[in-house]
file input-v5.csv (CSV, C-alpha atoms)
chain,number,residue,atom,x,y,z
A,189,MET,CA,-4.4,10.8,-14.3
A,190,ASN,CA,-2.8,7.3,-14.7
A,191,ASN,CA,-4.4,4.2,-13.3
A,192,SER,CA,-1.9,3.8,-10.5
A,193,ILE,CA,-2.7,7.2,-9.0
A,194,LYS,CA,-6.4,6.6,-9.6
A,195,GLY,CA,-6.2,3.3,-7.7
A,196,SER,CA,-4.3,4.8,-4.8
A,197,LEU,CA,-6.8,7.7,-4.5
A,198,MET,CA,-9.7,5.2,-4.5
A,199,LEU,CA,-8.0,3.3,-1.7
A,200,LEU,CA,-7.3,6.4,0.3
A,201,LEU,CA,-10.9,7.5,0.0
A,202,THR,CA,-11.9,3.9,1.1
A,203,ALA,CA,-9.7,4.3,4.3
A,204,LEU,CA,-11.2,7.8,5.0
A,205,ILE,CA,-14.8,6.4,4.7
A,206,TRP,CA,-14.1,3.3,6.8
A,207,GLY,CA,-12.4,5.4,9.5
A,208,THR,CA,-15.2,8.0,9.8
A,209,ALA,CA,-17.7,5.1,9.8
A,210,PHE,CA,-16.4,4.0,13.2
A,211,VAL,CA,-18.3,7.0,14.7
A,212,ALA,CA,-21.5,5.7,13.2
A,213,GLN,CA,-20.8,2.2,14.4
A,214,SER,CA,-20.0,3.5,17.9
A,215,VAL,CA,-23.4,5.3,18.0
A,216,GLY,CA,-25.2,2.3,16.5
A,217,MET,CA,-23.9,-0.1,19.2
A,218,ASP,CA,-25.7,2.0,21.8
A,219,TYR,CA,-29.0,0.9,20.4
A,220,ILE,CA,-28.8,-2.5,18.7
A,221,GLN,CA,-26.6,-5.6,18.8
A,222,PRO,CA,-23.6,-6.3,16.5
A,223,PHE,CA,-25.2,-8.9,14.1
A,224,THR,CA,-28.3,-6.7,13.8
A,225,PHE,CA,-26.2,-3.6,13.0
A,226,ASN,CA,-23.9,-5.4,10.6
A,227,PHE,CA,-26.8,-7.1,8.8
A,228,SER,CA,-28.7,-3.8,8.5
A,229,ARG,CA,-25.7,-1.9,7.0
A,230,THR,CA,-24.7,-4.7,4.7
A,231,ILE,CA,-28.2,-5.2,3.2
A,232,VAL,CA,-28.4,-1.4,2.7
A,233,GLY,CA,-25.0,-1.5,0.9
A,234,ALA,CA,-26.2,-4.3,-1.4
A,235,PHE,CA,-29.4,-2.6,-2.4
A,236,VAL,CA,-27.7,0.7,-2.9
A,237,LEU,CA,-25.4,-0.8,-5.5
A,238,ILE,CA,-28.2,-2.2,-7.7
A,239,PRO,CA,-29.4,1.1,-9.3
A,240,ILE,CA,-25.7,2.3,-9.5
A,241,ILE,CA,-24.8,-0.8,-11.5
A,242,ALA,CA,-27.8,-0.3,-13.7
A,243,PHE,CA,-27.0,3.4,-14.3
A,244,PHE,CA,-23.4,2.8,-15.2
A,245,ARG,CA,-24.3,-0.1,-17.5
A,246,LYS,CA,-26.8,2.0,-19.3
A,247,ALA,CA,-24.5,5.0,-19.5
A,248,ASP,CA,-21.5,3.0,-20.8
A,249,LYS,CA,-22.5,2.3,-24.4
A,250,THR,CA,-19.0,1.1,-25.2
A,251,ARG,CA,-19.1,-1.6,-22.6
A,252,ASN,CA,-18.3,-5.1,-24.0
A,253,LYS,CA,-20.3,-7.5,-22.0
A,254,TYR,CA,-18.3,-10.4,-23.4
A,255,ALA,CA,-15.1,-9.0,-21.9
A,256,VAL,CA,-16.5,-9.7,-18.4
A,257,SER,CA,-16.6,-13.2,-16.9
A,258,LEU,CA,-19.9,-13.6,-15.1
A,259,LYS,CA,-18.8,-16.9,-13.6
A,260,ASN,CA,-15.7,-15.4,-12.1
A,261,THR,CA,-17.6,-12.4,-10.9
A,262,VAL,CA,-20.2,-14.5,-9.1
A,263,THR,CA,-17.6,-16.8,-7.6
A,264,GLY,CA,-15.4,-13.9,-6.5
A,265,GLY,CA,-18.4,-12.1,-5.0
A,266,ILE,CA,-19.5,-15.2,-3.0
A,267,LEU,CA,-16.0,-15.9,-1.7
A,268,CYS,CA,-15.4,-12.3,-0.8
A,269,GLY,CA,-18.8,-12.2,1.0
A,270,ILE,CA,-17.9,-15.3,3.1
A,271,MET,CA,-14.5,-13.8,4.0
A,272,LEU,CA,-16.1,-10.5,4.9
A,273,PHE,CA,-18.7,-12.2,7.1
A,274,ALA,CA,-16.2,-14.5,8.8
A,275,ALA,CA,-13.6,-11.7,9.5
A,276,GLY,CA,-16.3,-9.4,10.9
A,277,SER,CA,-17.7,-12.1,13.1
A,278,PHE,CA,-14.3,-13.2,14.5
A,279,GLN,CA,-13.5,-9.5,15.2
A,280,GLN,CA,-16.8,-8.9,17.0
A,281,SER,CA,-16.4,-12.0,19.1
A,282,GLY,CA,-12.8,-11.1,19.9
A,283,ILE,CA,-13.7,-7.5,20.9
A,284,ALA,CA,-16.0,-8.8,23.5
A,285,LEU,CA,-13.1,-10.5,25.2
A,286,THR,CA,-10.3,-8.0,24.8
A,287,THR,CA,-9.8,-4.2,24.8
A,288,ALA,CA,-10.6,-2.0,21.8
A,289,GLY,CA,-7.0,-0.8,21.6
A,290,LYS,CA,-5.5,-4.3,21.4
A,291,ALA,CA,-8.3,-5.4,18.9
A,292,GLY,CA,-7.5,-2.4,16.7
A,293,PHE,CA,-3.7,-3.1,16.7
A,294,ILE,CA,-4.1,-6.9,16.1
A,295,THR,CA,-6.6,-6.3,13.2
A,296,ALA,CA,-4.1,-3.8,11.7
A,297,LEU,CA,-1.6,-6.6,11.5
A,298,TYR,CA,-3.1,-7.6,8.2
A,299,ILE,CA,-0.6,-5.1,6.8
A,300,VAL,CA,2.1,-7.7,7.7
A,301,ILE,CA,0.1,-10.8,6.8
A,302,VAL,CA,-0.6,-9.7,3.2
A,303,PRO,CA,3.1,-9.6,2.2
A,304,LEU,CA,3.6,-12.9,3.9
A,305,LEU,CA,0.8,-14.4,1.9
A,306,GLU,CA,2.3,-12.9,-1.2
A,307,LEU,CA,5.5,-14.7,-0.5
A,308,LEU,CA,3.6,-18.0,-0.2
A,309,ILE,CA,2.2,-17.6,-3.7
A,310,TYR,CA,5.5,-16.5,-5.1
A,311,LYS,CA,4.8,-12.8,-5.5
A,312,ARG,CA,7.8,-10.7,-4.7
A,313,THR,CA,7.4,-7.8,-2.2
A,314,SER,CA,10.1,-5.1,-2.3
A,315,GLY,CA,12.4,-4.4,0.7
A,316,MET,CA,11.0,-0.8,0.8
A,317,ILE,CA,7.5,-2.1,1.3
A,318,TRP,CA,8.7,-4.3,4.1
A,319,LEU,CA,10.3,-1.3,5.8
A,320,CYS,CA,7.0,0.7,5.4
A,321,VAL,CA,5.1,-2.2,6.9
A,322,PHE,CA,7.4,-2.3,9.9
A,323,ILE,CA,7.1,1.5,10.4
A,324,ALA,CA,3.3,1.3,10.2
A,325,ALA,CA,3.2,-1.6,12.7
A,326,VAL,CA,5.2,0.4,15.2
A,327,GLY,CA,2.7,3.3,14.5
A,328,PHE,CA,-0.2,1.1,15.2
A,329,TYR,CA,1.3,-0.1,18.4
A,330,LEU,CA,1.7,3.5,19.6
A,331,LEU,CA,-1.8,4.4,18.4
A,332,CYS,CA,-3.7,1.4,19.8
A,333,ILE,CA,-1.9,-0.2,22.8
A,334,LYS,CA,-2.5,1.4,26.2
A,335,GLU,CA,-1.9,-1.7,28.3
A,336,SER,CA,0.4,-4.7,28.3
A,337,LEU,CA,0.4,-6.9,25.2
A,338,ALA,CA,-0.4,-10.2,27.0
A,339,ILE,CA,-2.2,-12.5,24.6
A,340,GLY,CA,-5.6,-13.8,25.6
A,341,SER,CA,-8.4,-15.8,23.9
A,342,GLY,CA,-10.0,-12.6,22.6
A,343,ASP,CA,-6.7,-11.5,21.0
A,344,LEU,CA,-6.4,-14.8,19.2
A,345,LEU,CA,-9.9,-14.4,17.8
A,346,VAL,CA,-9.0,-11.0,16.5
A,347,LEU,CA,-5.8,-12.4,15.0
A,348,VAL,CA,-7.9,-14.9,13.1
A,349,CYS,CA,-9.9,-11.8,11.9
A,350,ALA,CA,-6.7,-10.1,10.7
A,351,VAL,CA,-5.8,-13.3,8.7
A,352,LEU,CA,-9.3,-13.4,7.2
A,353,PHE,CA,-9.1,-9.7,6.2
A,354,ALA,CA,-5.8,-10.3,4.6
A,355,GLY,CA,-7.3,-13.3,2.8
A,356,HIS,CA,-10.2,-11.0,1.6
A,357,ILE,CA,-7.7,-8.7,0.0
A,358,MET,CA,-5.9,-11.6,-1.7
A,359,VAL,CA,-9.2,-13.0,-3.0
A,360,ILE,CA,-10.0,-9.6,-4.5
A,361,ASP,CA,-6.6,-9.4,-6.1
A,362,HIS,CA,-7.0,-12.9,-7.5
A,363,PHE,CA,-10.4,-12.3,-9.1
A,364,ASN,CA,-9.5,-8.8,-10.3
A,365,ALA,CA,-7.1,-10.6,-12.7
A,366,LYS,CA,-9.9,-12.7,-14.1
A,367,ASN,CA,-12.0,-10.1,-16.1
A,368,THR,CA,-14.5,-9.5,-13.3
A,369,ASP,CA,-17.1,-6.7,-13.0
A,370,GLY,CA,-16.0,-4.9,-9.8
A,371,MET,CA,-19.3,-3.3,-8.9
A,372,LEU,CA,-21.3,-6.5,-9.5
A,373,MET,CA,-18.8,-8.5,-7.5
A,374,SER,CA,-19.1,-6.1,-4.6
A,375,CYS,CA,-22.9,-6.3,-4.7
A,376,ILE,CA,-22.8,-10.1,-4.7
A,377,GLN,CA,-20.3,-9.9,-1.8
A,378,PHE,CA,-22.8,-7.9,0.3
A,379,PHE,CA,-25.8,-10.1,-0.4
A,380,THR,CA,-23.7,-13.2,0.5
A,381,SER,CA,-22.5,-11.6,3.8
A,382,ALA,CA,-26.0,-10.2,4.6
A,383,PHE,CA,-27.5,-13.7,4.2
A,384,LEU,CA,-25.0,-15.2,6.7
A,385,LEU,CA,-25.4,-12.2,9.1
A,386,LEU,CA,-29.2,-12.6,8.9
A,387,ILE,CA,-28.9,-16.2,10.1
A,388,CYS,CA,-26.6,-15.2,13.0
A,389,MET,CA,-28.9,-12.3,13.9
A,390,LEU,CA,-32.0,-14.5,14.1
A,391,VAL,CA,-30.1,-17.3,16.0
A,392,PHE,CA,-28.1,-15.3,18.5
A,393,GLU,CA,-30.0,-12.0,18.9
A,394,LYS,CA,-33.5,-10.6,19.3
A,395,PRO,CA,-33.7,-7.8,16.7
A,396,ASP,CA,-36.2,-5.0,17.5
A,397,ILE,CA,-37.6,-2.9,14.6
A,398,LYS,CA,-38.1,0.2,16.9
A,399,SER,CA,-34.5,0.1,17.9
A,400,ILE,CA,-33.3,-0.3,14.3
A,401,ILE,CA,-35.5,2.7,13.2
A,402,ALA,CA,-34.1,4.8,16.1
A,403,VAL,CA,-30.6,4.3,14.7
A,404,TRP,CA,-31.4,4.7,11.0
A,405,ARG,CA,-28.9,7.5,10.4
A,406,PRO,CA,-25.8,5.6,11.5
A,407,ILE,CA,-27.1,2.5,9.6
A,408,MET,CA,-27.6,4.5,6.4
A,409,TYR,CA,-24.1,6.1,6.6
A,410,ALA,CA,-22.4,2.8,7.4
A,411,GLY,CA,-24.5,1.0,4.8
A,412,VAL,CA,-24.3,3.5,1.9
A,413,MET,CA,-20.8,4.9,2.5
A,414,SER,CA,-18.8,2.3,4.4
A,415,SER,CA,-20.3,-0.7,2.7
A,416,GLY,CA,-21.7,0.3,-0.7
A,417,VAL,CA,-19.2,2.9,-1.6
A,418,ALA,CA,-16.0,2.0,0.2
A,419,TYR,CA,-15.9,-1.7,-0.4
A,420,THR,CA,-16.6,-1.1,-4.1
A,421,LEU,CA,-13.8,1.5,-4.3
A,422,GLN,CA,-11.6,-1.1,-2.6
A,423,ILE,CA,-12.3,-3.7,-5.3
A,424,ILE,CA,-11.8,-1.3,-8.2
A,425,GLY,CA,-8.8,0.5,-6.6
A,426,GLN,CA,-7.0,-2.9,-6.0
A,427,LYS,CA,-7.1,-3.5,-9.8
A,428,TYR,CA,-4.3,-0.9,-10.1
A,429,THR,CA,-2.4,-1.4,-6.8
A,430,PRO,CA,-0.4,-4.4,-5.6
A,431,PRO,CA,-1.9,-6.0,-2.5
A,432,ALA,CA,1.0,-5.1,-0.1
A,433,ALA,CA,0.9,-1.4,-1.1
A,434,ALA,CA,-3.0,-1.4,-1.0
A,435,THR,CA,-3.0,-2.7,2.6
A,436,LEU,CA,-0.7,0.2,3.7
A,437,ILE,CA,-3.1,2.8,2.2
A,438,MET,CA,-6.2,1.1,3.6
A,439,SER,CA,-4.5,0.8,7.0
A,440,LEU,CA,-5.0,4.6,7.3
A,441,GLU,CA,-8.6,3.6,8.3
A,442,SER,CA,-7.4,3.3,11.9
A,443,VAL,CA,-5.7,6.7,11.8
A,444,PHE,CA,-8.9,8.3,10.3
A,445,ALA,CA,-11.0,6.5,13.0
A,446,ALA,CA,-8.9,8.0,15.8
A,447,LEU,CA,-8.9,11.5,14.2
A,448,SER,CA,-12.7,11.4,13.6
A,449,GLY,CA,-13.3,10.2,17.2
A,450,TRP,CA,-11.2,13.1,18.4
A,451,LEU,CA,-12.9,15.7,16.2
A,452,ILE,CA,-16.5,14.4,16.3
A,453,LEU,CA,-16.9,12.5,19.6
A,454,ASN,CA,-14.4,14.7,21.5
A,455,GLU,CA,-12.2,11.7,22.4
A,456,ASN,CA,-8.8,12.6,23.8
A,457,MET,CA,-5.6,11.7,21.9
A,458,SER,CA,-2.3,11.5,23.7
A,459,PHE,CA,1.1,12.5,22.3
A,460,LYS,CA,1.9,8.8,21.9
A,461,GLU,CA,-1.2,8.3,19.8
A,462,LEU,CA,-0.4,11.3,17.7
A,463,MET,CA,3.1,9.9,17.1
A,464,GLY,CA,1.5,6.6,16.0
A,465,CYS,CA,-0.7,8.5,13.5
A,466,ALA,CA,2.3,10.3,12.1
A,467,LEU,CA,4.3,7.1,11.7
A,468,VAL,CA,1.5,5.3,9.8
A,469,PHE,CA,1.0,8.4,7.6
A,470,SER,CA,4.8,8.5,6.9
A,471,ALA,CA,4.9,4.8,6.0
A,472,VAL,CA,2.1,5.2,3.5
A,473,VAL,CA,3.7,8.3,1.9
A,474,LEU,CA,7.0,6.5,1.7
A,475,ALA,CA,5.5,3.5,0.1
A,476,GLN,CA,3.6,5.7,-2.5
A,477,SER,CA,6.8,7.7,-3.2
A,478,ASN,CA,8.7,4.5,-3.8
A,479,LYS,CA,5.9,3.1,-6.0
A,480,LYS,CA,5.9,6.3,-8.2
A,481,LYS,CA,9.7,6.0,-8.7
A,482,ARG,CA,9.4,2.3,-9.6
A,483,ASP,CA,6.6,3.0,-12.1
A,484,ALA,CA,8.6,5.9,-13.7
A,485,ASN,CA,11.6,3.5,-14.2
A,486,GLU,CA,9.5,0.8,-15.8

call {"tool": "encode", "arguments": {"input": "input-v5.csv", "output": "structure tokens"}}
result
Amino acid sequence: MNNSIKGSLMLLLTALIWGTAFVAQSVGMDYIQPFTFNFSRTIVGAFVLIPIIAFFRKADKTRNKYAVSLKNTVTGGILCGIMLFAAGSFQQSGIALTTAGKAGFITALYIVIVPLLELLIYKRTSGMIWLCVFIAAVGFYLLCIKESLAIGSGDLLVLVCAVLFAGHIMVIDHFNAKNTDGMLMSCIQFFTSAFLLLICMLVFEKPDIKSIIAVWRPIMYAGVMSSGVAYTLQIIGQKYTPPAAATLIMSLESVFAALSGWLILNENMSFKELMGCALVFSAVVLAQSNKKKRDANE
């Protein structure tokens, strides 16, 4: 299996884990407040990665420690953690002032923002990828929007969140090219984000240990799988996938979230929403087919 296919599969698994984690997050919000939940899952993700990193370092006897830049790994991890904390905070603030459907659609617009950012830093994005982005954006509109698309203050906050998530993807792409350790960078990312979330939790909320214990299963799933596993897979998978193509694959998160809500929480899905899912799936498949053809010709 070549690195390109391996990277795409990692990002697909990332999207699947993130999408199914929305069920855990939905259940968790019935018991504890947002900063408390996000801090709990993030700190779990950080500590889960420590023994995993130690295991792989011990098992990999051929690893050349001098090939990895510790400075770039730490810097990248801190910057990714700040971006992750900021994006999540803007999203949570925006969701309180808008509908979940509009928030989901606007957040998914990072699939458009990433190619635009690539243009700003002189990275060429193919016409086929732009077509796939357009198809996916239409799909997200059908999947998420159930009311008028009037722009309110909450929508603007979520739009900032989408820009920050796009920036998070670009920061990962930048530091992946600088000989960084992906798992260590992910671990540092979580500790950075957890530290900032802890401050917000203590300032804006009143965390209750009994409520946290009552919802330990959703926290563990979101912490171990959505944070520890998925964000690490994102960093490693992006090493082998251009940012614009990577965003299309990861955008399947919203589709998997809708499908898991339908299957697990018995949420209804209309024909329009199913058509939206089909369009997003089609855009990702088309982008990957085009990517394979381009790789074969190189």

call {"tool": "residues_around", "arguments": {"input": "input-v5.csv", "residues": "segment 424-429 of chain A", "least_positions_apart": "4", "cutoff": "8 Å", "atoms": "only C-alpha atoms", "output": "tab-separated table (two decimals) with C-alpha atoms, keeping the file's coordinate frame"}}
result
chain	number	residue	atom	x	y	z
A	191	ASN	CA	-4.40	4.20	-13.30
A	192	SER	CA	-1.90	3.80	-10.50
A	194	LYS	CA	-6.40	6.60	-9.60
A	195	GLY	CA	-6.20	3.30	-7.70
A	196	SER	CA	-4.30	4.80	-4.80
A	197	LEU	CA	-6.80	7.70	-4.50
A	198	MET	CA	-9.70	5.20	-4.50
A	199	LEU	CA	-8.00	3.30	-1.70
A	360	ILE	CA	-10.00	-9.60	-4.50
A	361	ASP	CA	-6.60	-9.40	-6.10
A	364	ASN	CA	-9.50	-8.80	-10.30
A	365	ALA	CA	-7.10	-10.60	-12.70
A	370	GLY	CA	-16.00	-4.90	-9.80
A	371	MET	CA	-19.30	-3.30	-8.90
A	420	THR	CA	-16.60	-1.10	-4.10
A	433	ALA	CA	0.90	-1.40	-1.10
A	434	ALA	CA	-3.00	-1.40	-1.00

call {"tool": "atom_distance", "arguments": {"input": "input-v5.csv", "atom1": "atom CA of Leu258 of chain A", "atom2": "atom CA of Arg245 of chain A"}}
result
14.4 Å

call {"tool": "closest_residue", "arguments": {"input": "input-v5.csv", "among": "A:Ser399, A:Thr224, A:Gln279, A:Ser415", "to": "Phe378 of chain A", "atoms": "all atoms listed in the file"}}
result
A:Ser415

call {"tool": "closest_residue", "arguments": {"input": "input-v5.csv", "among": "A:Val412, A:Ile301, A:Cys320, A:Ala445", "to": "Val232 of chain A", "atoms": "only C-alpha atoms"}}
result
A:Val412

call {"tool": "closest_residue", "arguments": {"input": "input-v5.csv", "among": "A:Leu385, A:Ile333, A:Val326, A:Leu451", "to": "Ala466 of chain A", "atoms": "only C-alpha atoms"}}
result
A:Val326

call {"tool": "residues_near_point", "arguments": {"input": "input-v5.csv", "point": "(1.5, -7.3, 4.1)", "cutoff": "8 Å", "atoms": "all atoms listed in the file", "output": "mmCIF file with C-alpha atoms, keeping the file's coordinate frame"}}
result
data_model
loop_
_atom_site.group_PDB
_atom_site.id
_atom_site.type_symbol
_atom_site.label_atom_id
_atom_site.label_comp_id
_atom_site.auth_asym_id
_atom_site.auth_seq_id
_atom_site.Cartn_x
_atom_site.Cartn_y
_atom_site.Cartn_z
ATOM 1 C CA TYR A 298 -3.100 -7.600 8.200
ATOM 2 C CA ILE A 299 -0.600 -5.100 6.800
ATOM 3 C CA VAL A 300 2.100 -7.700 7.700
ATOM 4 C CA ILE A 301 0.100 -10.800 6.800
ATOM 5 C CA VAL A 302 -0.600 -9.700 3.200
ATOM 6 C CA PRO A 303 3.100 -9.600 2.200
ATOM 7 C CA LEU A 304 3.600 -12.900 3.900
ATOM 8 C CA LEU A 305 0.800 -14.400 1.900
ATOM 9 C CA GLU A 306 2.300 -12.900 -1.200
ATOM 10 C CA TRP A 318 8.700 -4.300 4.100
ATOM 11 C CA VAL A 321 5.100 -2.200 6.900
ATOM 12 C CA ALA A 354 -5.800 -10.300 4.600
ATOM 13 C CA PRO A 431 -1.900 -6.000 -2.500
ATOM 14 C CA ALA A 432 1.000 -5.100 -0.100
ATOM 15 C CA ALA A 433 0.900 -1.400 -1.100
ATOM 16 C CA THR A 435 -3.000 -2.700 2.600
ATOM 17 C CA LEU A 436 -0.700 0.200 3.700
#

call {"tool": "closest_residue", "arguments": {"input": "input-v5.csv", "among": "A:Leu474, A:Leu372, A:Cys465, A:Val359", "to": "Met271 of chain A", "atoms": "all atoms listed in the file"}}
result
A:Val359

call {"tool": "closest_residue", "arguments": {"input": "input-v5.csv", "among": "A:Ile270, A:Ala475, A:Lys460, A:Asn260", "to": "Thr380 of chain A", "atoms": "all atoms listed in the file"}}
result
A:Ile270
